[in-house]
$ cat model-v7.txt   # compact mmCIF, C-alpha atoms
# COMPACT_ATOMS: atom_id res chain seq x y z
CA MET A 764 -30.85 13.02 -46.28
CA ASN A 765 -33.79 15.37 -45.66
CA ASN A 766 -37.07 13.45 -46.12
CA LYS A 767 -39.36 16.49 -46.07
CA GLY A 768 -39.17 16.87 -49.86
CA TRP A 769 -40.69 13.49 -50.62
CA PRO A 770 -44.32 14.24 -49.56
CA THR A 771 -44.21 17.51 -51.47
CA ALA A 772 -42.92 15.76 -54.61
CA LEU A 773 -45.60 13.09 -54.38
CA ARG A 774 -48.26 15.71 -53.85
CA HIS A 775 -47.08 17.66 -56.90
CA LEU A 776 -47.01 14.49 -59.00
CA THR A 777 -50.54 13.56 -57.89
CA LEU A 778 -51.95 17.01 -58.63
CA SER A 779 -50.19 17.04 -62.03
CA LEU A 780 -51.64 13.66 -62.97
CA LEU A 781 -55.14 14.73 -61.88
CA LEU A 782 -54.89 17.96 -63.87
CA ALA A 783 -53.56 16.03 -66.92
CA TRP A 784 -56.41 13.53 -66.64
CA PHE A 785 -58.98 16.35 -66.40
CA LEU A 786 -57.59 18.22 -69.41
CA GLY A 787 -57.26 14.98 -71.35
CA TRP A 788 -60.87 14.09 -70.46
CA LEU A 789 -62.01 17.43 -71.82
CA CYS A 790 -60.11 16.71 -75.04
CA GLY A 791 -61.14 13.08 -75.17
CA LEU A 792 -57.54 11.81 -74.69
CA PRO A 793 -57.05 11.28 -70.92
CA LEU A 794 -54.52 8.42 -71.30
CA LEU A 795 -52.30 10.41 -73.64
CA ALA A 796 -52.33 13.38 -71.29
CA ILE A 797 -51.26 11.19 -68.36
CA CYS A 798 -48.42 9.60 -70.40
CA LEU A 799 -47.16 12.99 -71.53
CA THR A 800 -47.22 14.24 -67.92
CA LEU A 801 -45.25 11.18 -66.69
CA ALA A 802 -42.76 11.57 -69.55
CA GLY A 803 -42.22 15.21 -68.62
CA PHE A 804 -41.83 14.23 -64.99
CA LEU A 805 -39.17 11.60 -65.84
CA ALA A 806 -37.36 13.98 -68.20
CA TRP A 807 -37.18 16.62 -65.49
CA HIS A 808 -35.73 14.14 -62.98
CA GLY A 809 -33.28 12.86 -65.58
CA TRP A 810 -32.12 16.42 -66.14
CA GLN A 811 -31.61 16.88 -62.39
CA LEU A 812 -29.58 13.64 -62.25
CA HIS A 813 -27.43 14.93 -65.10
CA ARG A 814 -26.84 18.21 -63.24
CA MET A 815 -25.89 16.30 -60.07
CA GLN A 816 -23.47 14.03 -61.96
CA THR A 817 -21.85 17.02 -63.64
CA TRP A 818 -21.46 18.74 -60.28
CA LEU A 819 -19.99 15.70 -58.55
CA LEU A 820 -17.54 14.96 -61.37
CA ASN A 821 -16.36 18.56 -61.73
CA GLN A 822 -14.09 19.22 -58.74
CA ASN A 823 -13.84 22.90 -59.64
CA ILE A 824 -17.53 23.50 -58.92
CA VAL A 825 -17.77 23.91 -55.17
CA GLU A 826 -21.32 25.19 -54.71
CA PRO A 827 -24.20 22.82 -55.51
CA PRO A 828 -26.62 23.51 -58.41
CA GLU A 829 -29.81 25.41 -57.75
CA GLY A 830 -32.75 23.11 -57.31
CA ARG A 831 -36.31 23.04 -56.13
CA GLY A 832 -38.29 20.57 -54.14
CA ILE A 833 -36.70 17.21 -53.50
CA TRP A 834 -33.68 17.95 -55.69
CA GLY A 835 -32.90 21.07 -53.73
CA SER A 836 -32.85 18.93 -50.57
CA VAL A 837 -30.68 16.30 -52.30
CA PHE A 838 -28.18 18.92 -53.49
CA ASP A 839 -28.01 20.54 -50.05
CA ASP A 840 -27.60 17.21 -48.22
CA ILE A 841 -24.82 16.05 -50.55
CA TYR A 842 -23.10 19.41 -50.20
CA HIS A 843 -23.16 19.19 -46.39
CA LEU A 844 -21.86 15.62 -46.52
CA GLN A 845 -19.03 16.73 -48.79
CA ARG A 846 -18.07 19.55 -46.45
CA HIS A 847 -18.14 17.19 -43.47
CA GLN A 848 -16.04 14.63 -45.36
CA GLN A 849 -13.53 17.31 -46.36
CA ARG A 850 -13.17 18.47 -42.77
CA THR A 851 -12.73 14.86 -41.62
CA GLN A 852 -10.14 14.17 -44.33
CA LYS A 853 -8.26 17.33 -43.44
CA ARG A 854 -8.21 16.34 -39.79
CA LEU A 855 -7.08 12.79 -40.58
CA LYS A 856 -4.38 14.09 -42.92
CA GLY A 857 -3.16 16.30 -40.11
CA VAL A 858 -3.07 13.34 -37.70
CA ILE A 859 -1.26 11.16 -40.26
CA GLN A 860 1.21 13.94 -40.97
CA ARG A 861 1.93 14.33 -37.24
CA ILE A 862 2.43 10.56 -36.92
CA GLU A 863 4.79 10.59 -39.91
CA ASP A 864 6.69 13.56 -38.49
CA GLY A 865 6.89 11.84 -35.11
CA THR A 866 8.12 8.54 -36.50
CA ALA A 867 10.58 10.39 -38.76
CA ALA A 868 12.07 11.98 -35.65
CA LEU A 869 12.53 8.58 -33.99
CA LYS A 870 16.01 7.11 -33.87
CA ASP A 871 14.45 3.64 -33.98
CA GLY A 872 13.41 2.17 -37.31
CA VAL A 873 9.69 1.51 -37.75
CA LEU A 874 8.33 -0.62 -40.61
CA MET A 875 4.77 -1.67 -41.50
CA LEU A 876 4.17 -4.88 -43.44
CA ASN A 877 1.01 -6.46 -44.79
CA ASN A 878 -0.05 -10.02 -44.04
CA GLN A 879 2.10 -11.25 -46.94
CA GLY A 880 5.24 -9.79 -45.35
CA ASN A 881 5.57 -7.04 -47.98
CA LEU A 882 6.76 -3.56 -47.05
CA GLU A 883 4.07 -0.89 -47.02
CA TRP A 884 5.75 1.96 -45.13
CA TRP A 885 8.89 2.74 -43.11
CA ASN A 886 10.48 5.79 -41.53
CA HIS A 887 13.80 7.49 -42.26
CA ALA A 888 15.64 5.67 -39.45
CA ALA A 889 14.68 2.29 -40.95
CA SER A 890 16.13 3.40 -44.28
CA GLN A 891 19.44 4.19 -42.62
CA LEU A 892 19.59 1.11 -40.39
CA LEU A 893 18.51 -1.39 -43.06
CA GLY A 894 19.63 0.38 -46.24
CA LEU A 895 16.11 0.59 -47.72
CA LYS A 896 15.27 2.67 -50.81
CA GLU A 897 11.71 3.92 -51.14
CA SER A 898 11.70 3.95 -54.93
CA GLN A 899 12.79 0.31 -55.19
CA ASP A 900 11.80 -1.54 -52.03
CA ILE A 901 8.18 -0.53 -51.53
CA GLY A 902 5.99 -3.64 -51.82
CA GLN A 903 8.97 -6.00 -51.59
CA PRO A 904 9.05 -8.92 -49.09
CA ILE A 905 11.12 -7.97 -46.06
CA THR A 906 12.94 -11.32 -46.15
CA ASN A 907 14.27 -10.42 -49.61
CA LEU A 908 15.76 -7.20 -48.24
CA VAL A 909 17.08 -8.49 -44.90
CA ARG A 910 18.88 -11.58 -46.12
CA ALA A 911 19.90 -13.35 -42.93
CA PRO A 912 18.90 -16.92 -41.98
CA GLU A 913 18.29 -15.95 -38.34
CA PHE A 914 15.96 -13.10 -39.36
CA LYS A 915 13.95 -15.31 -41.73
CA ALA A 916 13.60 -17.99 -39.04
CA TYR A 917 12.50 -15.35 -36.51
CA PHE A 918 10.08 -13.73 -38.98
CA ASP A 919 8.49 -17.03 -40.06
CA ALA A 920 8.14 -18.32 -36.49
CA SER A 921 5.26 -15.88 -35.75
CA GLU A 922 6.23 -16.01 -32.06
CA TYR A 923 7.87 -12.76 -31.09
CA VAL A 924 8.11 -12.98 -27.31
CA THR A 925 11.82 -12.19 -27.25
CA PRO A 926 13.55 -9.75 -29.63
CA LEU A 927 16.15 -10.78 -32.19
CA GLU A 928 19.66 -9.31 -32.23
CA MET A 929 21.78 -9.45 -35.36
CA PRO A 930 24.16 -7.27 -37.43
CA SER A 931 22.64 -4.66 -39.72
CA PRO A 932 22.42 -5.71 -43.40
CA ALA A 933 23.65 -2.21 -44.31
CA ASN A 934 26.60 -2.15 -41.89
CA ALA A 935 27.97 -5.28 -40.23
CA GLU A 936 29.52 -3.19 -37.43
CA VAL A 937 26.07 -2.01 -36.29
CA GLN A 938 24.17 -4.41 -34.04
CA LEU A 939 20.39 -4.23 -34.38
CA GLN A 940 17.57 -5.49 -32.18
CA PHE A 941 14.31 -6.45 -33.94
CA GLN A 942 10.93 -6.63 -32.22
CA ILE A 943 7.89 -7.69 -34.28
CA THR A 944 4.27 -7.13 -33.28
CA LEU A 945 1.23 -8.65 -35.00
CA PHE A 946 -1.86 -6.50 -35.54
CA SER A 947 -5.04 -6.38 -37.62
CA GLN A 948 -5.21 -9.28 -40.12
CA GLN A 949 -1.76 -10.75 -39.41
CA ASP A 950 -0.07 -7.52 -40.47
CA ARG A 951 3.26 -6.81 -38.82
CA LEU A 952 4.87 -3.80 -37.20
CA ILE A 953 8.66 -4.08 -36.91
CA VAL A 954 10.72 -1.87 -34.63
CA CYS A 955 14.49 -2.08 -35.05
CA ARG A 956 16.96 -0.18 -32.91
CA ASP A 957 20.69 0.27 -32.80
CA VAL A 958 22.01 -1.54 -29.71
CA SER A 959 25.68 -1.34 -30.67
CA HIS A 960 26.47 0.93 -27.72
CA ILE A 961 24.75 -1.42 -25.28
CA LYS A 962 26.59 -4.40 -26.76
CA GLN A 963 29.90 -2.52 -26.46
CA LEU A 964 29.19 -1.76 -22.81
CA GLU A 965 28.25 -5.39 -22.23
CA ALA A 966 31.46 -6.51 -23.92
CA MET A 967 33.47 -4.08 -21.77
CA ARG A 968 31.80 -5.46 -18.65
CA GLN A 969 32.49 -9.02 -19.70
CA ASP A 970 36.12 -8.19 -20.50
CA PHE A 971 36.53 -6.43 -17.17
CA VAL A 972 35.08 -9.37 -15.22
CA ALA A 973 37.19 -11.86 -17.16
CA ASN A 974 40.42 -9.85 -16.85
CA ALA A 975 39.87 -9.02 -13.20
CA SER A 976 39.14 -12.65 -12.42
CA HIS A 977 42.27 -13.80 -14.25
CA GLU A 978 44.39 -11.22 -12.46
CA LEU A 979 42.97 -12.14 -9.07
CA SER A 980 43.32 -15.87 -9.56
CA THR A 981 47.12 -15.86 -9.50
CA PRO A 982 47.65 -13.98 -6.20
CA LEU A 983 44.82 -15.92 -4.60
CA THR A 984 46.43 -19.19 -5.64
CA VAL A 985 49.68 -18.08 -4.02
CA ILE A 986 47.95 -16.93 -0.84
CA SER A 987 45.89 -20.10 -0.63
CA GLY A 988 49.00 -22.22 -1.17
CA TYR A 989 50.91 -20.54 1.65
CA LEU A 990 47.88 -20.81 3.95
CA GLU A 991 47.64 -24.54 3.25
CA THR A 992 51.35 -24.87 4.05
CA PHE A 993 50.87 -23.04 7.35
CA LEU A 994 47.86 -25.22 8.22
CA ASP A 995 49.85 -28.37 7.47
CA HIS A 996 52.25 -27.23 10.20
CA GLN A 997 49.71 -25.63 12.50
CA ASP A 998 50.95 -27.67 15.45
CA THR A 999 54.15 -25.64 15.40
CA LEU A 1000 52.27 -22.30 15.34
CA PRO A 1001 50.95 -20.35 18.32
CA GLN A 1002 47.39 -21.27 19.32
CA ARG A 1003 46.00 -17.77 18.63
CA TRP A 1004 47.07 -17.99 14.97
CA ARG A 1005 45.38 -21.27 14.13
CA LYS A 1006 41.79 -19.95 14.12
CA ALA A 1007 42.79 -16.94 12.06
CA LEU A 1008 44.63 -19.10 9.53
CA LYS A 1009 41.64 -21.44 9.19
CA GLN A 1010 39.27 -18.53 8.57
CA MET A 1011 41.70 -17.01 6.08
CA HIS A 1012 41.96 -20.33 4.27
CA GLN A 1013 38.15 -20.73 4.16
CA GLN A 1014 37.70 -17.22 2.76
CA SER A 1015 40.46 -17.73 0.18
CA GLN A 1016 38.72 -20.92 -0.98
CA ARG A 1017 35.45 -19.01 -1.21
CA MET A 1018 37.16 -16.31 -3.27
CA GLU A 1019 38.62 -18.98 -5.56
CA SER A 1020 35.15 -20.49 -6.03
CA LEU A 1021 33.78 -17.04 -6.83
CA ILE A 1022 36.49 -16.40 -9.41
CA GLU A 1023 35.95 -19.82 -10.97
CA ASP A 1024 32.22 -19.09 -11.30
CA LEU A 1025 32.91 -15.64 -12.78
CA LEU A 1026 35.28 -17.15 -15.31
CA MET A 1027 32.72 -19.82 -16.15
CA LEU A 1028 30.04 -17.16 -16.73
CA SER A 1029 32.44 -15.16 -18.88
CA ARG A 1030 33.16 -18.22 -21.04
CA LEU A 1031 29.47 -19.01 -21.36
CA GLU A 1032 28.68 -15.46 -22.47
CA THR A 1033 31.50 -14.97 -24.94
CA SER A 1034 32.26 -18.37 -26.44
CA GLN A 1035 30.31 -20.07 -29.21
CA LEU A 1036 28.64 -23.45 -28.69
CA LYS A 1037 31.11 -25.71 -30.49
CA ASP A 1038 32.22 -29.33 -30.31
CA HIS A 1039 28.88 -30.44 -28.96
CA GLY A 1040 28.03 -34.09 -29.23
CA PRO A 1041 25.95 -36.78 -27.57
CA VAL A 1042 25.94 -36.62 -23.78
CA HIS A 1043 24.97 -39.74 -21.85
CA VAL A 1044 22.92 -38.01 -19.19
CA PRO A 1045 22.16 -41.10 -16.99
CA ALA A 1046 25.88 -41.76 -16.51
CA LEU A 1047 26.46 -38.06 -15.82
CA LEU A 1048 23.75 -38.05 -13.16
CA ASN A 1049 25.16 -41.16 -11.51
CA GLU A 1050 28.53 -39.42 -11.16
CA LEU A 1051 26.88 -36.32 -9.74
CA GLN A 1052 24.91 -38.50 -7.32
CA LEU A 1053 28.17 -39.91 -5.89
CA ASP A 1054 29.57 -36.38 -5.50
CA ALA A 1055 26.33 -35.26 -3.81
CA ILE A 1056 26.49 -38.18 -1.34
CA THR A 1057 30.05 -37.20 -0.48
CA LEU A 1058 28.98 -33.56 -0.01
CA SER A 1059 26.05 -34.66 2.14
CA GLY A 1060 28.43 -36.39 4.57
CA GLU A 1061 27.02 -36.60 8.07
CA LYS A 1062 23.64 -35.23 6.96
CA ARG A 1063 22.95 -38.69 5.48
CA GLN A 1064 20.37 -37.46 3.01
CA HIS A 1065 18.50 -39.83 0.73
CA ILE A 1066 19.59 -38.96 -2.83
CA GLU A 1067 17.82 -40.93 -5.55
CA VAL A 1068 18.29 -40.89 -9.35
CA ASP A 1069 15.55 -41.99 -11.77
CA ALA A 1070 16.85 -41.58 -15.33
CA GLN A 1071 15.48 -42.86 -18.61
CA TRP A 1072 18.05 -44.20 -21.08
CA VAL A 1073 17.98 -40.99 -23.13
CA ASP A 1074 20.90 -38.96 -24.45
CA MET A 1075 21.00 -35.34 -25.58
CA THR A 1076 23.37 -33.29 -27.71
CA GLY A 1077 25.44 -30.62 -26.02
CA ILE A 1078 28.67 -29.97 -24.16
CA GLY A 1079 29.10 -32.46 -21.36
CA GLY A 1080 31.19 -30.17 -19.14
CA GLU A 1081 28.64 -27.37 -19.25
CA LEU A 1082 25.69 -29.67 -18.62
CA SER A 1083 27.57 -31.29 -15.75
CA SER A 1084 28.17 -27.86 -14.23
CA ALA A 1085 24.51 -26.85 -14.58
CA PHE A 1086 23.05 -30.11 -13.28
CA GLY A 1087 25.66 -30.24 -10.53
CA ASN A 1088 24.75 -26.74 -9.33
CA LEU A 1089 21.11 -27.76 -8.96
CA ILE A 1090 21.92 -31.03 -7.19
CA PHE A 1091 24.53 -29.55 -4.83
CA ASN A 1092 22.21 -26.65 -3.96
CA ALA A 1093 19.57 -29.21 -2.98
CA VAL A 1094 22.13 -30.94 -0.74
CA LYS A 1095 23.16 -27.64 0.89
CA TYR A 1096 19.64 -26.41 1.60
CA THR A 1097 18.05 -29.69 2.67
CA GLN A 1098 18.13 -30.74 6.29
CA ALA A 1099 19.73 -33.93 7.61
CA GLN A 1100 17.91 -37.13 6.67
CA GLY A 1101 16.13 -35.16 3.96
CA SER A 1102 15.12 -36.48 0.55
CA ILE A 1103 16.45 -35.38 -2.85
CA GLN A 1104 15.06 -36.87 -6.07
CA ILE A 1105 16.78 -36.44 -9.43
CA ARG A 1106 14.70 -37.37 -12.47
CA TRP A 1107 15.57 -37.39 -16.19
CA TRP A 1108 12.92 -38.21 -18.78
CA GLN A 1109 11.61 -37.61 -22.27
CA ASP A 1110 8.04 -36.93 -23.41
CA ASP A 1111 6.25 -35.27 -26.31
CA ALA A 1112 7.23 -31.81 -25.02
CA GLY A 1113 10.98 -32.52 -24.96
CA LEU A 1114 13.71 -33.59 -22.54
CA HIS A 1115 13.51 -32.76 -18.85
CA LEU A 1116 15.64 -32.89 -15.72
CA SER A 1117 14.10 -32.20 -12.33
CA VAL A 1118 15.78 -31.89 -8.92
CA THR A 1119 13.23 -32.05 -6.11
CA ASP A 1120 13.95 -31.74 -2.38
CA ASN A 1121 11.99 -31.38 0.85
CA GLY A 1122 14.34 -28.79 2.28
CA LEU A 1123 13.98 -25.19 3.43
CA GLY A 1124 12.19 -23.89 0.34
CA ILE A 1125 12.14 -20.33 -0.97
CA ASP A 1126 9.47 -17.68 -0.51
CA SER A 1127 7.57 -16.97 -3.75
CA PRO A 1128 8.55 -13.24 -4.09
CA HIS A 1129 12.18 -14.31 -4.58
CA LEU A 1130 11.57 -16.87 -7.34
CA PRO A 1131 11.62 -14.52 -10.39
CA ARG A 1132 15.05 -13.15 -9.39
CA LEU A 1133 16.85 -16.32 -8.37
CA THR A 1134 18.84 -16.55 -11.62
CA GLU A 1135 20.23 -13.00 -11.26
CA ARG A 1136 23.90 -12.74 -10.42
CA PHE A 1137 24.65 -12.45 -6.73
CA TYR A 1138 20.96 -12.37 -5.83
CA ARG A 1139 20.41 -13.89 -2.42
CA ALA A 1140 16.99 -14.89 -1.17
CA ASP A 1141 18.45 -15.24 2.33
CA ALA A 1142 21.90 -13.77 2.93
CA SER A 1143 22.36 -15.69 6.17
CA ARG A 1144 21.92 -19.03 4.39
CA HIS A 1145 24.65 -18.17 1.89
CA ALA A 1146 26.96 -17.15 4.69
CA GLN A 1147 26.49 -20.56 6.27
CA THR A 1148 26.80 -22.58 3.08
CA GLY A 1149 29.51 -20.50 1.41
CA GLY A 1150 27.64 -20.01 -1.86
CA THR A 1151 28.83 -17.47 -4.44
CA GLY A 1152 25.38 -16.41 -5.63
CA LEU A 1153 26.31 -17.32 -9.22
CA GLY A 1154 25.23 -20.97 -9.41
CA LEU A 1155 21.75 -20.41 -10.83
CA ALA A 1156 23.07 -17.72 -13.19
CA ILE A 1157 25.44 -20.34 -14.59
CA VAL A 1158 22.56 -22.80 -14.89
CA LYS A 1159 20.49 -20.23 -16.79
CA HIS A 1160 23.28 -19.46 -19.28
CA VAL A 1161 24.08 -23.13 -19.87
CA LEU A 1162 20.42 -23.88 -20.58
CA LEU A 1163 20.15 -20.92 -22.96
CA ARG A 1164 23.18 -22.22 -24.88
CA HIS A 1165 21.40 -25.58 -25.15
CA ASP A 1166 18.02 -24.11 -26.23
CA GLY A 1167 16.53 -24.84 -22.82
CA HIS A 1168 14.97 -22.95 -19.95
CA LEU A 1169 14.68 -23.32 -16.18
CA GLN A 1170 11.41 -23.68 -14.27
CA ILE A 1171 11.48 -23.02 -10.52
CA GLU A 1172 8.82 -24.09 -8.03
CA SER A 1173 9.31 -23.70 -4.30
CA TRP A 1174 7.25 -23.65 -1.14
CA LEU A 1175 8.67 -22.12 2.02
CA GLY A 1176 9.34 -24.81 4.60
CA LYS A 1177 8.28 -27.61 2.23
CA GLY A 1178 10.98 -27.83 -0.42
CA SER A 1179 11.78 -26.88 -4.00
CA CYS A 1180 11.67 -28.31 -7.50
CA PHE A 1181 14.07 -27.06 -10.21
CA THR A 1182 13.25 -28.38 -13.70
CA CYS A 1183 15.35 -27.98 -16.86
CA HIS A 1184 13.40 -28.24 -20.13
CA PHE A 1185 15.07 -28.95 -23.49
CA PRO A 1186 13.43 -29.23 -26.94
CA LEU A 1187 13.18 -32.55 -28.76
CA SER A 1188 15.72 -31.21 -31.26
CA ARG A 1189 18.32 -31.86 -28.54
CA LEU A 1190 17.55 -35.57 -28.50
CA ALA A 1191 20.58 -37.66 -29.50
CA ILE A 1192 20.85 -41.25 -30.63
CA ASN A 1193 21.36 -43.31 -27.52
CA LEU A 1194 24.86 -44.42 -26.81
CA LYS A 1195 25.65 -48.09 -26.67
CA ARG A 1196 23.94 -49.46 -23.64
CA ARG A 1197 26.27 -49.95 -20.73
CA ALA A 1198 25.97 -52.45 -17.99

$ encode --input "model-v7.txt" --output "structure tokens"
Amino acid sequence: MNNKGWPTALRHLTLSLLLAWFLGWLCGLPLLAICLTLAGFLAWHGWQLHRMQTWLLNQNIVEPPEGRGIWGSVFDDIYHLQRHQQRTQKRLKGVIQRIEDGTAALKDGVLMLNNQGNLEWWNHAASQLLGLKESQDIGQPITNLVRAPEFKAYFDASEYVTPLEMPSPANAEVQLQFQITLFSQQDRLIVCRDVSHIKQLEAMRQDFVANASHELSTPLTVISGYLETFLDHQDTLPQRWRKALKQMHQQSQRMESLIEDLLMLSRLETSQLKDHGPVHVPALLNELQLDAITLSGEKRQHIEVDAQWVDMTGIGGELSSAFGNLIFNAVKYTQAQGSIQIRWWQDDAGLHLSVTDNGLGIDSPHLPRLTERFYRADASRHAQTGGTGLGLAIVKHVLLRHDGHLQIESWLGKGSCFTCHFPLSRLAINLKRRA
């Protein structure tokens, strides 16, 4: 506000009071003259306040009232502030309109919720994907409109690192992916997208891998059987054929292992986790230890098991496959006379299995991709050991089906440590203690 009018107003008031005092002194009533002057001064300012209120309340009056002195400055300053505010509002409305137009054009659903989880705004795509109605659903809790236990659990968890996939509440044939982001005062922004096409492609890929593996398994079994027959009678065959038959038999066995792993992955991806029960992990590890010693053979590695008497719930065959992959990999990639330690324990964070070796180790740039299918940190090592490149992918999928995750630590030339972590919810009542 312009402050130049204040000195002028004070000067006018002072001169008026002096003049009133002088005239009142001449008349013998100086106090009355001063009071009348102050009353007139207050009445005039009250009238100006009334004019300002009338102007501000009447939206049809655009121009400010005429005023003199300080009130002229007040009217002008308020008028300029109004014009500035109107320009700012117009600009913000334009920005908001562009945002609304942009989000309306999105194929992904966008929803804004307050910190109570109530709907405040959503775009047209969200209405179609979730079946929302603006006239009825505004201000409603999102969990009342998307009635699915998995969505409520995901929404209430307040940890949205990974997105949630589930059928649309408006159309069960549409598969949606939800991603929630927290902002401001625990408000939420939800983005939901239709991933049905991606899921169909994934299903087609899984079906192709499963069908191709099934179709290949039969001829490979026949070929491998005949090769074994020939090798059983290799003494009667020409010398130049023996090496070729051995290589053919080795490669057929490798192909069979690859197909078995592909079929295992297909089952893990498509089947539901059923018939799970208590798994006595110490006994399972003891069996795998014996198999690992047999695999070690002439390498004579030191394989040690340290297992607490703790059981977990799950599918024993899948856990055996996952733990076996980690243990057998340690045997393959650890030198002769090397050390392999297998540890199973429980603590406040959950259940854990670690397989530690002092073998070749893996360079750190490869660690994030080790669980990818067919990824090979060193192709020459796999050629020597005959690995399929699917072992750690199987481990990853088994752990995901058992609410776990895999932690990998490795140091080139020093060894590796693979640790499986499971939540305490997987803890089972211990089986009857065995001798």

$ residues_around --input "model-v7.txt" --residues "Phe941 (chain A)" --least-positions-apart "2" --cutoff "9 Å" --atoms "all atoms listed in the file" --output "NGL selection string"
:A and (914 or 926-929 or 939 or 943 or 953-956)

$ residues_around --input "model-v7.txt" --residues "Ile1066 (chain A)" --least-positions-apart "5" --cutoff "8 Å" --atoms "all atoms listed in the file" --output "PyMOL selection string"
chain A and resi 1052+1055-1056+1102-1105

$ atom_distance --input "model-v7.txt" --atom1 "CA of Trp1072 (chain A)" --atom2 "CA of Pro1045 (chain A)"
6.6 Å

$ closest_residue --input "model-v7.txt" --among "A:His1129, A:Arg1003, A:Lys870, A:His1043" --to "Ile1078 (chain A)" --atoms "only C-alpha atoms"
A:His1043

$ atom_distance --input "model-v7.txt" --atom1 "CA of Lys1006 (chain A)" --atom2 "CA of Glu1019 (chain A)"
20.0 Å

$ closest_residue --input "model-v7.txt" --among "A:Ile797, A:Ala1191, A:Leu855, A:Leu1153" --to "Leu778 (chain A)" --atoms "all atoms listed in the file"
A:Ile797

$ residues_around --input "model-v7.txt" --residues "Asn881 (chain A)" --least-positions-apart "5" --cutoff "10 Å" --atoms "all atoms listed in the file" --output "PDB file with C-alpha atoms, in the coordinates of the input"
ATOM      1  CA  MET A 875       4.770  -1.670 -41.500  1.00  0.00           C
ATOM      2  CA  LEU A 876       4.170  -4.880 -43.440  1.00  0.00           C
ATOM      3  CA  ASP A 900      11.800  -1.540 -52.030  1.00  0.00           C
ATOM      4  CA  ILE A 901       8.180  -0.530 -51.530  1.00  0.00           C
ATOM      5  CA  GLY A 902       5.990  -3.640 -51.820  1.00  0.00           C
ATOM      6  CA  GLN A 903       8.970  -6.000 -51.590  1.00  0.00           C
ATOM      7  CA  PRO A 904       9.050  -8.920 -49.090  1.00  0.00           C
ATOM      8  CA  ILE A 905      11.120  -7.970 -46.060  1.00  0.00           C
ATOM      9  CA  THR A 906      12.940 -11.320 -46.150  1.00  0.00           C
ATOM     10  CA  ASN A 907      14.270 -10.420 -49.610  1.00  0.00           C
ATOM     11  CA  ASP A 950      -0.070  -7.520 -40.470  1.00  0.00           C
ATOM     12  CA  ARG A 951       3.260  -6.810 -38.820  1.00  0.00           C
TER      13      ARG A 951
END

$ closest_residue --input "model-v7.txt" --among "A:Gly894, A:Gly1113, A:Gly1122, A:Pro982" --to "Asn1092 (chain A)" --atoms "only C-alpha atoms"
A:Gly1122

$ atom_distance --input "model-v7.txt" --atom1 "CA of Gln1014 (chain A)" --atom2 "CA of Phe993 (chain A)"
15.1 Å

$ residues_around --input "model-v7.txt" --residues "Gly1080 (chain A)" --least-positions-apart "5" --cutoff "10 Å" --atoms "only C-alpha atoms" --output "MDAnalysis selection string"
chainID A and resid 1042 1047 1085

$ closest_residue --input "model-v7.txt" --among "A:Val1161, A:Leu819, A:Ile859, A:Leu1155" --to "Tyr842 (chain A)" --atoms "only C-alpha atoms"
A:Leu819

$ closest_residue --input "model-v7.txt" --among "A:His808, A:Met1011, A:Leu820, A:Met967" --to "Gly988 (chain A)" --atoms "all atoms listed in the file"
A:Met1011

$ residues_around --input "model-v7.txt" --residues "Asp1074 (chain A)" --least-positions-apart "2" --cutoff "12 Å" --atoms "all atoms listed in the file" --output "MDAnalysis selection string"
chainID A and resid 1040:1048 1070:1072 1076:1079 1082 1107:1109 1113:1116 1185 1187:1196

$ closest_residue --input "model-v7.txt" --among "A:Gln942, A:Gln1002, A:Ser1029, A:Gln899" --to "Asn974 (chain A)" --atoms "all atoms listed in the file"
A:Ser1029

$ residues_near_point --input "model-v7.txt" --point "(23.8, -26.6, -16.6)" --cutoff "7 Å" --atoms "all atoms listed in the file" --output "list in words"
Glu1081, Leu1082, Ser1083, Ser1084, Ala1085, Phe1086, Ile1157, Val1158, Val1161 and Leu1162 of chain A

$ build_atoms --input "model-v7.txt" --residues "region 952-959 of chain A" --atoms "N, CA and C atoms" --output "tab-separated table (two decimals), in the frame of the given file"
chain	number	residue	atom	x	y	z
A	952	LEU	N	4.16	-5.05	-37.48
A	952	LEU	CA	4.87	-3.80	-37.20
A	952	LEU	C	6.24	-4.19	-36.65
A	953	ILE	N	7.29	-3.75	-37.31
A	953	ILE	CA	8.66	-4.08	-36.91
A	953	ILE	C	9.33	-2.82	-36.37
A	954	VAL	N	9.91	-2.94	-35.21
A	954	VAL	CA	10.72	-1.87	-34.63
A	954	VAL	C	12.16	-2.39	-34.52
A	955	CYS	N	13.08	-1.69	-35.14
A	955	CYS	CA	14.49	-2.08	-35.05
A	955	CYS	C	15.27	-0.92	-34.47
A	956	ARG	N	16.18	-1.23	-33.57
A	956	ARG	CA	16.96	-0.18	-32.91
A	956	ARG	C	18.43	-0.56	-32.88
A	957	ASP	N	19.24	0.45	-32.85
A	957	ASP	CA	20.69	0.27	-32.80
A	957	ASP	C	21.10	0.03	-31.35
A	958	VAL	N	21.58	-1.19	-31.07
A	958	VAL	CA	22.01	-1.54	-29.71
A	958	VAL	C	23.52	-1.74	-29.66
A	959	SER	N	24.22	-1.16	-30.62
A	959	SER	CA	25.68	-1.34	-30.67
A	959	SER	C	26.33	-0.81	-29.39
